[in-house]
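Shown next: start-v4.txt, given as compact mmCIF, C-alpha atoms.
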```
# COMPACT_ATOMS: atom_id res chain seq x y z
CA MET A 1 -67.39 106.01 31.23
CA GLU A 2 -68.35 102.43 32.07
CA THR A 3 -66.25 100.30 34.38
CA SER A 4 -65.41 97.99 31.48
CA ASP A 5 -63.28 100.77 29.95
CA TYR A 6 -60.71 100.18 32.69
CA LEU A 7 -59.95 96.81 31.09
CA TRP A 8 -57.54 96.24 28.21
CA HIS A 9 -58.84 96.76 24.67
CA LEU A 10 -57.11 93.84 22.98
CA ASN A 11 -58.21 94.85 19.48
CA ALA A 12 -56.34 98.18 19.80
CA LYS A 13 -52.89 98.41 18.22
CA ILE A 14 -51.40 100.31 21.15
CA GLU A 15 -52.55 100.95 24.72
CA TRP A 16 -51.15 101.99 28.05
CA LYS A 17 -52.23 102.54 31.63
CA TYR A 18 -50.33 105.02 33.73
CA LEU A 19 -50.28 105.94 37.42
CA TRP A 20 -48.25 108.64 39.12
CA GLY A 21 -48.38 110.28 42.52
CA ARG A 22 -46.76 110.88 45.87
CA LEU A 23 -46.56 108.84 49.02
CA SER A 24 -47.18 110.46 52.39
CA ASP A 25 -43.45 110.24 53.15
CA GLY A 26 -42.82 112.58 50.19
CA ARG A 27 -41.53 110.09 47.63
CA PHE A 28 -42.73 110.40 44.02
CA PHE A 29 -43.73 107.24 42.14
CA HIS A 30 -45.06 106.21 38.74
CA TYR A 31 -46.17 102.90 37.27
CA VAL A 32 -46.73 102.07 33.58
CA GLU A 33 -48.18 99.11 31.72
CA PHE A 34 -47.84 99.27 27.96
CA ARG A 35 -49.05 96.99 25.20
CA LYS A 36 -48.20 97.18 21.50
CA GLY A 37 -49.78 94.35 19.53
CA ASP A 38 -48.91 91.17 21.39
CA GLU A 39 -45.94 92.69 23.22
CA TRP A 40 -46.33 93.80 26.83
CA PHE A 41 -43.99 95.55 29.23
CA ARG A 42 -44.18 97.19 32.63
CA HIS A 43 -41.94 99.54 34.54
CA TYR A 44 -42.05 101.91 37.48
CA SER A 45 -39.99 104.49 39.30
CA LEU A 46 -39.62 105.46 42.94
CA ASP A 47 -37.78 108.63 43.93
CA GLY A 48 -36.08 108.84 40.54
CA LYS A 49 -34.90 105.21 40.44
CA PHE A 50 -36.21 103.17 37.53
CA TYR A 51 -37.21 99.48 37.73
CA GLU A 52 -38.47 96.89 35.27
CA ASP A 53 -38.24 93.64 37.25
CA GLU A 54 -40.29 92.02 39.99
CA ILE A 55 -43.52 93.94 39.44
CA SER A 56 -47.05 92.64 39.21
CA ASN A 57 -49.82 93.45 36.77
CA LEU A 58 -52.05 96.42 37.36
CA SER A 59 -55.15 95.05 39.05
CA GLY A 60 -57.99 97.54 39.14
CA PHE A 61 -56.15 100.56 40.53
CA GLY A 62 -53.58 98.62 42.55
CA PHE A 63 -50.14 97.18 41.88
CA LYS A 64 -47.33 95.52 43.81
CA THR A 65 -43.57 96.05 43.73
CA PRO A 66 -40.77 95.10 46.15
CA GLN A 67 -40.94 98.66 47.55
CA PHE A 68 -44.69 99.08 48.04
CA ASP A 69 -48.06 97.48 47.47
CA LEU A 70 -50.62 100.17 46.67
CA GLN A 71 -54.38 99.80 46.51
CA LEU A 72 -56.02 102.96 45.14
CA VAL A 73 -59.64 104.13 44.95
CA PRO A 74 -60.89 106.81 42.50
CA GLN A 75 -62.30 109.90 44.20
CA CYS A 76 -63.78 111.51 41.07
CA GLU A 77 -65.38 110.60 37.76
CA PRO A 78 -63.14 109.97 34.71
CA ILE A 79 -62.39 112.97 32.51
CA VAL A 80 -62.69 112.01 28.83
CA HIS A 81 -60.33 113.97 26.55
CA ASN A 82 -61.47 114.99 23.09
CA THR A 83 -58.29 114.18 21.17
CA LYS A 84 -60.10 113.41 17.87
CA THR A 85 -57.88 110.43 16.98
CA ARG A 86 -57.38 108.60 20.29
CA ASN A 87 -59.38 107.17 23.17
CA TYR A 88 -57.98 108.82 26.28
CA TYR A 89 -59.24 109.59 29.76
CA SER A 90 -57.84 110.63 33.14
CA ILE A 91 -58.82 110.11 36.75
CA PRO A 92 -56.79 112.85 38.46
CA HIS A 93 -57.79 112.07 42.04
CA LEU A 94 -57.19 108.66 43.61
CA THR A 95 -56.20 107.90 47.19
CA GLY A 96 -54.98 104.70 48.75
CA THR A 97 -52.76 102.93 51.23
CA SER A 98 -49.79 100.60 51.11
CA ARG A 99 -49.93 97.14 52.65
CA TYR A 100 -46.17 97.24 53.34
CA ASN A 101 -46.10 100.32 55.58
CA ASP A 102 -48.16 103.26 56.77
CA ASN A 103 -47.83 105.25 53.56
CA VAL A 104 -50.91 106.90 52.10
CA ALA A 105 -50.81 107.71 48.39
CA GLU A 106 -52.36 110.48 46.32
CA ALA A 107 -52.36 109.46 42.66
CA TRP A 108 -53.36 110.24 39.07
CA TYR A 109 -54.48 107.59 36.54
CA ASP A 110 -54.47 107.72 32.72
CA GLN A 111 -55.56 105.19 30.15
CA GLU A 112 -55.15 105.62 26.41
CA TRP A 113 -55.63 103.31 23.44
CA ASP A 114 -55.58 103.69 19.67
CA PHE A 115 -56.23 101.59 16.61
CA THR A 116 -53.62 103.31 14.41
CA ALA A 117 -50.38 103.03 16.49
CA PRO A 118 -49.80 106.78 17.03
CA HIS A 119 -46.57 108.70 17.71
CA ALA A 120 -44.48 106.44 15.47
CA GLY A 121 -41.01 107.88 14.91
CA SER A 122 -41.67 111.25 16.55
CA ASP A 123 -40.88 113.19 19.69
CA TRP A 124 -43.81 114.19 21.88
CA GLU A 125 -44.49 115.70 25.29
CA TRP A 126 -47.34 115.11 27.69
CA PHE A 127 -48.19 116.99 30.89
CA SER A 128 -50.52 116.25 33.76
CA LEU A 129 -50.75 119.04 36.32
CA LYS A 130 -52.81 118.94 39.49
CA LEU A 131 -53.45 122.13 41.46
CA ASN A 132 -54.18 122.22 45.18
CA CYS A 133 -57.50 123.96 44.45
CA GLY A 134 -58.73 120.79 42.73
CA MET A 135 -58.13 121.84 39.12
CA SER A 136 -56.49 119.27 36.85
CA ILE A 137 -54.72 120.09 33.57
CA VAL A 138 -53.77 117.71 30.75
CA ALA A 139 -51.68 118.96 27.83
CA TYR A 140 -50.18 117.15 24.88
CA ASN A 141 -47.58 118.73 22.59
CA ARG A 142 -46.69 117.34 19.19
CA GLU A 143 -46.27 119.11 15.87
CA GLU A 144 -49.51 117.99 14.25
CA ASP A 145 -51.47 117.27 17.43
CA LYS A 146 -51.66 119.73 20.32
CA TYR A 147 -54.36 120.17 22.94
CA CYS A 148 -55.01 121.21 26.51
CA ASP A 149 -57.93 120.29 28.79
CA PHE A 150 -58.43 121.79 32.21
CA ASN A 151 -61.06 120.50 34.57
CA MET A 152 -62.69 121.79 37.75
CA GLY A 153 -65.36 119.58 39.25
CA ASP A 154 -67.75 118.42 36.53
CA LYS A 155 -66.67 120.98 33.92
CA THR A 156 -63.88 120.45 31.36
CA VAL A 157 -62.69 123.28 29.11
CA GLN A 158 -60.31 123.11 26.15
CA SER A 159 -57.76 125.84 25.59
CA GLU A 160 -54.74 126.84 23.57
CA PHE A 161 -51.51 126.93 25.53
CA LEU A 162 -47.94 128.12 25.27
CA TYR A 163 -45.00 126.29 26.81
CA ASP A 164 -41.46 127.58 27.34
CA TYR A 165 -39.38 124.75 28.82
CA PRO A 166 -38.42 124.41 31.60
CA LYS A 167 -40.29 127.20 33.33
CA HIS A 168 -43.45 128.72 31.94
CA PHE A 169 -46.75 127.16 31.04
CA TYR A 170 -49.37 129.64 29.82
CA ILE A 171 -53.00 128.54 29.38
CA ASN A 172 -54.88 131.04 27.25
CA ALA A 173 -58.29 130.45 28.82
CA LEU A 174 -56.93 131.09 32.33
CA GLY A 175 -54.93 134.12 31.22
CA SER A 176 -52.01 133.44 33.51
CA TYR A 177 -48.67 131.69 33.72
CA LEU A 178 -47.88 128.66 35.82
CA THR A 179 -44.21 128.23 36.72
CA LEU A 180 -42.99 124.62 36.58
CA GLU A 181 -39.99 123.89 38.78
CA PRO A 182 -38.52 120.36 38.47
CA PHE A 183 -37.95 118.47 41.70
CA ASP A 184 -34.85 117.00 40.04
CA ARG A 185 -33.03 116.90 36.70
CA GLU A 186 -34.61 115.15 33.74
CA VAL A 187 -33.61 111.49 33.56
CA ILE A 188 -33.91 109.60 30.27
CA PHE A 189 -34.99 105.99 30.74
CA ARG A 190 -34.17 103.31 28.18
CA PRO A 191 -36.46 100.35 28.86
CA LYS A 192 -35.83 96.94 27.33
CA HIS A 193 -38.90 97.45 25.13
CA GLY A 194 -40.10 100.69 23.63
CA ARG A 195 -38.52 104.04 22.91
CA PRO A 196 -36.40 106.14 25.29
CA TYR A 197 -38.50 108.44 27.44
CA SER A 198 -38.21 110.68 30.48
CA GLU A 199 -40.37 111.36 33.53
CA THR A 200 -39.91 114.69 35.30
CA PRO A 201 -42.01 115.57 38.37
CA PHE A 202 -42.66 119.29 38.93
CA LYS A 203 -43.86 121.53 41.63
CA ILE A 204 -46.21 124.20 40.26
CA VAL A 205 -45.52 127.71 41.52
CA ALA A 206 -47.53 130.94 41.25
CA LYS A 207 -46.59 134.21 42.98
CA GLY A 208 -43.87 132.43 44.94
CA ALA A 209 -46.18 129.78 46.43
CA ILE A 210 -46.37 126.08 45.55
CA ILE A 211 -49.91 125.53 44.27
CA GLY A 212 -49.67 121.96 42.97
CA ILE A 213 -47.63 119.13 41.50
CA GLY A 214 -47.35 117.66 38.03
CA VAL A 215 -45.46 115.44 35.61
CA ARG A 216 -43.92 116.02 32.21
CA GLU A 217 -43.30 112.93 30.09
CA ARG A 218 -41.25 113.13 26.91
CA THR A 219 -40.79 110.29 24.45
CA TYR A 220 -37.76 110.43 22.16
CA LYS A 221 -36.99 109.13 18.71
CA GLU A 222 -35.14 105.83 18.59
CA ASN A 223 -31.80 107.41 17.74
CA ASN A 224 -31.63 109.59 20.88
```
For the structure just supplied, provide its representation as structure tokens.
Amino acid sequence: METSDYLWHLNAKIEWKYLWGRLSDGRFFHYVEFRKGDEWFRHYSLDGKFYEDEISNLSGFGFKTPQFDLQLVPQCEPIVHNTKTRNYYSIPHLTGTSRYNDNVAEAWYDQEWDFTAPHAGSDWEWFSLKLNCGMSIVAYNREEDKYCDFNMGDKTVQSEFLYDYPKHFYINALGSYLTLEPFDREVIFRPKHGRPYSETPFKIVAKGAIIGIGVRERTYKENN
């Protein structure tokens, strides 16, 4: 993946860039920039509180808010997902520091763009799960479009998966369950632009031990 792919694809009908992670003081954060046609919007959360105002553009892998100013550096190569209809890749391992305080951040980056304006009028779920062993898992769940990629080092494998909200996530190729335990209740955000959606951070548990962290995003139909 060339560096130019980190830039906006202005001929795409829909595109977003997405960062999530944890600060060294334990707080969870996420940052989103979204573009649909000529309309842009940005929002972020910190420890479950949602903000839309007073935020800067994503610059490289850094952004600035009144709460923190993060500059992040990728620590691995992008993972390109074979979704058939969309251009989508993840960088599951970034680290960085904040200029406002001594916080160090561990983060995940996604970028996706499409020329057909996907997801219109439907509910969908997306998961990014990062295990302490270095494995990253991306899963997308929608009626007519469902996939799961898991990656370890330079190898990415696709697999079928089963999901029983809110607890069990079974990846066929691994042959085992991951237990997803929310840090907090699901909160539905209603931004000024775009459809209602929720962000839920999870701890990932296996055999009673926390083995990683992840995020479930769900986007709702307009009438929810």
Considering all atoms listed in the file, return as a PyMOL selection string whatever protein or nucleic-acid residues lie within 9 Å of Asp102 of chain A, sequence-local ones (same chain, fewer than 4 positions apart) excluded.
chain A and resi 24+97-98
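Using all atoms listed in the file, the shortest contact distance between Leu129 of chain A and any of A:Gly214, A:Gly96, A:Pro74, A:Pro182 is found at A:Gly214.
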May I have the protein, DNA and RNA residues with any atom at most 12 Å from the point (-49.3, 117.4, 40.3), counting all atoms listed in the file, written as a PyMOL selection string?
chain A and resi 19-22+28-29+92-93+106-109+127-138+180-183+200-205+210-216
Determine, counting only C-alpha atoms, which protein, DNA and RNA residues have an atom within 9 Å of an atom of Gln158 of chain A; residues of the same chain fewer than 2 positions away are not included. Present the result as a PyMOL selection string.
chain A and resi 82+147-151+156+160+173
Can you tell me how far atom CA of Glu33 of chain A sits from atom CA of Asp184 of chain A, in Å to one decimal?
23.8 Å
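Using all atoms listed in the file for every distance, the candidate list A:Ala206, A:Val32, A:Leu94, A:Ile188 yields A:Val32 as the residue closest to Glu52 of chain A.
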Computed gap from atom CA of Glu125 of chain A to atom CA of Ser198 of chain A is 9.6 Å
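The space separating atom CA of Leu70 of chain A from atom CA of Ala105 of chain A comes to 7.7 Å.
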Anything within 8 Å of (-53.9, 100.6, 38.3): list those residues as a ChimeraX atom specification, counting all atoms listed in the file and sticking to the file's coordinates.
/A:17-19,58-63,72,109
May I have the residues within 9 Å of Phe68 of chain A as an MDAnalysis selection string, using all atoms listed in the file and disregarding those fewer than 4 positions away in the same chain?
chainID A and resid 63:64 98:101 103
Could you take the residues named above and write them with C-alpha atoms, as a compact mmCIF listing (two decimals), keeping the file's coordinate frame?
```
# COMPACT_ATOMS: atom_id res chain seq x y z
CA PHE A 63 -50.14 97.18 41.88
CA LYS A 64 -47.33 95.52 43.81
CA SER A 98 -49.79 100.60 51.11
CA ARG A 99 -49.93 97.14 52.65
CA TYR A 100 -46.17 97.24 53.34
CA ASN A 101 -46.10 100.32 55.58
CA ASN A 103 -47.83 105.25 53.56
```
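Residue nearest Asn87 of chain A within the list A:Thr116, A:Ser56, A:Gln75, A:Asn172: A:Thr116 [criterion: smallest interatomic distance, all atoms listed in the file].
In terms of minimum interatomic distance to His9 of chain A, A:Glu112 ranks closest within A:Asp25, A:Glu217, A:Glu77, A:Glu112, counting only C-alpha atoms.
For the set A:Lys36, A:Lys155, A:Arg185, A:Arg27, the residue with the smallest atom-to-atom gap to Val104 of chain A is A:Arg27, counting all atoms listed in the file.
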Nearest to Trp124 of chain A, chosen from A:Ile91, A:Asp38, A:His43, A:Arg218, with all atoms listed in the file counted in the distances:
A:Arg218
